[in-house]
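J.: Would you mind keeping the following structure in view while I ask a few things?
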Amino acid sequence: MSATRRVNLVAIAVLFFSMAGAMAALHAIDYLRRGSVAQDALYLRSSKVLRRLSLGYTGLLADIYWTRAVQYFGEQHHAGSRDFRLLAPLLEVTTELDPRLLPAYQFGANFLAPQPPNGAGLPESALSLTKYGIEHNPEQWRLYYNLGFLHYMEFKDYAGAADAFAQGAKLPVTNALMSILAARMAQHAGEFDTARMLWVTTYQSTKDALIRENAVEHLLALQVDEDVTRLEQVAEKYHEQTGRLPASMGDLERAGFIHGTPADPKGRPYKLMPDGRIEAQDPESLYFITKGLPPGAAPPQPRPVVKPDSK
């Protein structure tokens, strides 16, 4: 047998056993997943163990864990659960196996931090995951954007947000809004406009359908909150000038404060209440709004929209 043929046979054997090992590792993970209660066990938590089991196929395992992180969130969200305790470790293992899997960081920034049922309620974990992403991908402006987004939305840390956006703005490839966002954070001004810019940038910088839908719903909610704030200020000015509260939107229009009948982003006119408050006609369809609600009502939450593939 020639030397070349022996080398080829050895290479084929090594490839065969490597593939068999990888399949065995995946089978073990599937077995653990099926054989345990979803909320009481994670498939394998150690990326070091998984690296050894993968026999070099760490990228493949990272993709498996990333897919399962999305499926896990979808399953819990679809079931109306408020328990997302496995989302952080799933994303951590995913990114430890493949630190350059950028969609995992963006998913974490958007769904680890918010409170249930819209997320895991783990803003510190989201922050840690994002910083890990920046450490391993310092050239990616979206990660600095995610960091600024978290500082602003979850921690109200304007200085931290300004610093993150400013760092991202210095990169050779970046988004033109990064420097504007940094300036706005430094000024602590224009809250509605700043939040709108953040959600628009979130929408534009991802292809993930769930993140995009989440951004659209937040943009609609911001519009309602801004409309209600402005209309209630107008009603108060009318009160100050006339000594009485407006009885209808028509009173405000005749006084020159508004033009036409104000409506929410879905085209339904706002309601002027006897005490001067403004309410949305159908607040349950305007997810995430904080204004325009009946007294004591909690902000409505979106119905589950993700139906994961069943296995």
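By convention in this document, the chains of the structure tokens carry letters A, B, ... by their order, each chain's residues are numbered from 1, and ligands are numbered from 1 in the order they are shown.
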Check which residues of region 133-196 of chain A sit at most 12 Å from region 203-208 of chain A using only C-alpha atoms, and return one row each with the closest pair of atoms and their distance in Å to one decimal, ordered by chain and rising number, as CSV.
T.:
residue,atom,partner,partner_atom,distance
A:Gln140,CA,A:Ser205,CA,11.8
A:Trp141,CA,A:Ser205,CA,10.2
A:Arg142,CA,A:Ser205,CA,7.5
A:Leu143,CA,A:Ser205,CA,10.7
A:Tyr145,CA,A:Ser205,CA,9.8
A:Asn146,CA,A:Ser205,CA,10.4
A:Thr174,CA,A:Ser205,CA,11.0
A:Asn175,CA,A:Ser205,CA,9.3
A:Leu177,CA,A:Gln204,CA,11.5
A:Arg196,CA,A:Tyr203,CA,10.6
J.: For the residues selected in the previous step, produce a file with N, CA and C atoms as a PDB file, in the first residue's frame.
T.:
ATOM      1  N   GLN A 140     -17.402  46.039  16.128  1.00  0.00           N
ATOM      2  CA  GLN A 140     -18.806  45.982  15.753  1.00  0.00           C
ATOM      3  C   GLN A 140     -19.608  47.089  16.439  1.00  0.00           C
ATOM      4  N   TRP A 141     -20.053  48.093  15.680  1.00  0.00           N
ATOM      5  CA  TRP A 141     -20.755  49.238  16.260  1.00  0.00           C
ATOM      6  C   TRP A 141     -22.082  48.831  16.901  1.00  0.00           C
ATOM      7  N   ARG A 142     -22.720  47.775  16.381  1.00  0.00           N
ATOM      8  CA  ARG A 142     -24.022  47.372  16.920  1.00  0.00           C
ATOM      9  C   ARG A 142     -23.915  46.941  18.378  1.00  0.00           C
ATOM     10  N   LEU A 143     -22.784  46.398  18.770  1.00  0.00           N
ATOM     11  CA  LEU A 143     -22.615  45.987  20.160  1.00  0.00           C
ATOM     12  C   LEU A 143     -22.514  47.194  21.084  1.00  0.00           C
ATOM     13  N   TYR A 145     -23.909  50.001  20.380  1.00  0.00           N
ATOM     14  CA  TYR A 145     -25.292  50.492  20.379  1.00  0.00           C
ATOM     15  C   TYR A 145     -26.120  49.721  21.402  1.00  0.00           C
ATOM     16  N   ASN A 146     -25.989  48.386  21.405  1.00  0.00           N
ATOM     17  CA  ASN A 146     -26.721  47.569  22.380  1.00  0.00           C
ATOM     18  C   ASN A 146     -26.359  47.970  23.811  1.00  0.00           C
ATOM     19  N   THR A 174     -19.683  52.508  11.160  1.00  0.00           N
ATOM     20  CA  THR A 174     -20.614  52.794  12.237  1.00  0.00           C
ATOM     21  C   THR A 174     -21.922  53.315  11.657  1.00  0.00           C
ATOM     22  N   ASN A 175     -22.829  53.726  12.538  1.00  0.00           N
ATOM     23  CA  ASN A 175     -24.108  54.307  12.140  1.00  0.00           C
ATOM     24  C   ASN A 175     -24.067  55.797  12.438  1.00  0.00           C
ATOM     25  N   LEU A 177     -26.201  57.776  13.402  1.00  0.00           N
ATOM     26  CA  LEU A 177     -26.961  58.203  14.575  1.00  0.00           C
ATOM     27  C   LEU A 177     -26.178  58.050  15.875  1.00  0.00           C
ATOM     28  N   ARG A 196     -37.242  57.290  20.591  1.00  0.00           N
ATOM     29  CA  ARG A 196     -37.673  56.975  19.221  1.00  0.00           C
ATOM     30  C   ARG A 196     -36.465  56.637  18.343  1.00  0.00           C
TER      31      ARG A 196
END
J.: Rank nothing, just name the residue among A:Ile289, A:Ile211, A:Val216, A:Met178 nearest to Thr229 (chain A), using only C-alpha atoms.
T.: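 For Thr229 (chain A), the nearest of the candidates is A:Ile289.
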J.: Using DSSP assignments from the backbone, pull out every residue in region 226-281 of chain A that falls under strand (DSSP E) and give it to me as a ChimeraX atom specification.
T.: /A:271-272,278-279
J.: Would you kindly return, as a list of chain:residue names, each protein, DNA or RNA residue with an atom no farther than 9 Å from any atom of Pro299 (chain A), considering only C-alpha atoms and excluding same-chain residues fewer than 3 positions away?
T.: A:Pro283, A:Glu284, A:Leu286, A:Tyr287, A:Phe288, A:Ile289, A:Thr290, A:Lys291, A:Leu293
J.: Generate a file of the selected residues that holds N, CA and C atoms, formatted as a PDB file, in the first residue's frame.
T.:
ATOM      1  N   PRO A 283     -56.882  50.795  24.684  1.00  0.00           N
ATOM      2  CA  PRO A 283     -55.507  50.697  25.188  1.00  0.00           C
ATOM      3  C   PRO A 283     -54.934  49.286  25.118  1.00  0.00           C
ATOM      4  N   GLU A 284     -55.790  48.257  25.135  1.00  0.00           N
ATOM      5  CA  GLU A 284     -55.289  46.881  25.108  1.00  0.00           C
ATOM      6  C   GLU A 284     -54.593  46.538  23.796  1.00  0.00           C
ATOM      7  N   LEU A 286     -52.623  48.723  22.226  1.00  0.00           N
ATOM      8  CA  LEU A 286     -51.442  49.580  22.115  1.00  0.00           C
ATOM      9  C   LEU A 286     -50.442  49.145  23.184  1.00  0.00           C
ATOM     10  N   TYR A 287     -49.675  48.129  22.837  1.00  0.00           N
ATOM     11  CA  TYR A 287     -48.770  47.516  23.807  1.00  0.00           C
ATOM     12  C   TYR A 287     -47.692  48.490  24.258  1.00  0.00           C
ATOM     13  N   PHE A 288     -47.318  48.376  25.516  1.00  0.00           N
ATOM     14  CA  PHE A 288     -46.214  49.117  26.134  1.00  0.00           C
ATOM     15  C   PHE A 288     -46.544  50.581  26.446  1.00  0.00           C
ATOM     16  N   ILE A 289     -47.762  51.067  26.173  1.00  0.00           N
ATOM     17  CA  ILE A 289     -48.055  52.461  26.507  1.00  0.00           C
ATOM     18  C   ILE A 289     -48.035  52.631  28.019  1.00  0.00           C
ATOM     19  N   THR A 290     -47.611  53.801  28.471  1.00  0.00           N
ATOM     20  CA  THR A 290     -47.623  54.116  29.899  1.00  0.00           C
ATOM     21  C   THR A 290     -48.596  55.252  30.209  1.00  0.00           C
ATOM     22  N   LYS A 291     -49.100  55.912  29.168  1.00  0.00           N
ATOM     23  CA  LYS A 291     -50.065  57.002  29.324  1.00  0.00           C
ATOM     24  C   LYS A 291     -51.312  56.684  28.503  1.00  0.00           C
ATOM     25  N   LEU A 293     -54.035  55.455  29.808  1.00  0.00           N
ATOM     26  CA  LEU A 293     -54.688  54.290  30.400  1.00  0.00           C
ATOM     27  C   LEU A 293     -55.730  54.723  31.431  1.00  0.00           C
TER      28      LEU A 293
END
J.: Using DSSP on the backbone coordinates, identify all residues within region 47-296 of chain A classified as helix (DSSP H, G or I); present the result as number ranges by chain.
T.: A: 47-54, 58-78, 87-97, 102-111, 123-136, 141-153, 158-169, 177-187, 191-204, 209-242, 249-254, 283-285
J.: Would you list the contacts of Glu279 (chain A) as a list in words, taking every protein, DNA or RNA residue within 12 Å and counting only C-alpha atoms, but skipping same-chain residues closer than 5 positions in sequence?
T.: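 Within the cut-off, the hits are Val224, Asp225, Asp227, Val228, Thr229, Leu231, Glu232, Pro262, Ala263, Asp264, Arg268, Pro269, Tyr270, Lys271, Leu272, Met273, Pro274, Glu284, Leu286, Ile289, Thr290, Lys291, Gly292, Leu293, Pro294, Pro295 and Ala297 of chain A.
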J.: Which distance in Å separates CA of Leu60 (chain A) and CA of Phe107 (chain A), to one decimal?
T.: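 Going from CA of Leu60 (chain A) over to CA of Phe107 (chain A), I get 19.0 Å.
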J.: Nearest to Ala79 (chain A) among A:Asp98, A:Val93, A:Leu127, A:Pro117, with distances taken over only C-alpha atoms: which residue is it?
T.: A:Pro117
J.: Return as a Markdown table the residues of region 51-123 of chain A lying at most 9 Å from region 147-163 of chain A, together with the closest atom-to-atom pair for each and the distance in Å to one decimal, counting only C-alpha atoms, with rows in chain order and ascending residue number.
T.:
| residue | atom | partner | partner_atom | distance |
| --- | --- | --- | --- | --- |
| A:Ala109 | CA | A:Leu150 | CA | 6.9 |
| A:Asn110 | CA | A:Leu150 | CA | 8.6 |
| A:Ala113 | CA | A:Glu154 | CA | 7.1 |
| A:Pro114 | CA | A:Glu154 | CA | 7.6 |
| A:Pro123 | CA | A:Glu154 | CA | 6.7 |
J.: Would you write out those residues with N, CA and C atoms, as a PDB file, in the first residue's frame?
T.:
ATOM      1  N   ALA A 109     -29.678  41.492  24.280  1.00  0.00           N
ATOM      2  CA  ALA A 109     -29.919  42.880  24.681  1.00  0.00           C
ATOM      3  C   ALA A 109     -31.411  43.206  24.671  1.00  0.00           C
ATOM      4  N   ASN A 110     -32.157  42.607  23.741  1.00  0.00           N
ATOM      5  CA  ASN A 110     -33.572  42.933  23.594  1.00  0.00           C
ATOM      6  C   ASN A 110     -34.500  42.084  24.456  1.00  0.00           C
ATOM      7  N   ALA A 113     -33.115  41.602  29.165  1.00  0.00           N
ATOM      8  CA  ALA A 113     -33.282  42.679  30.134  1.00  0.00           C
ATOM      9  C   ALA A 113     -34.726  42.992  30.522  1.00  0.00           C
ATOM     10  N   PRO A 114     -35.683  43.105  29.577  1.00  0.00           N
ATOM     11  CA  PRO A 114     -37.043  43.512  29.958  1.00  0.00           C
ATOM     12  C   PRO A 114     -37.679  42.545  30.947  1.00  0.00           C
ATOM     13  N   PRO A 123     -31.480  42.368  33.511  1.00  0.00           N
ATOM     14  CA  PRO A 123     -30.691  43.411  32.844  1.00  0.00           C
ATOM     15  C   PRO A 123     -29.193  43.289  33.088  1.00  0.00           C
TER      16      PRO A 123
END
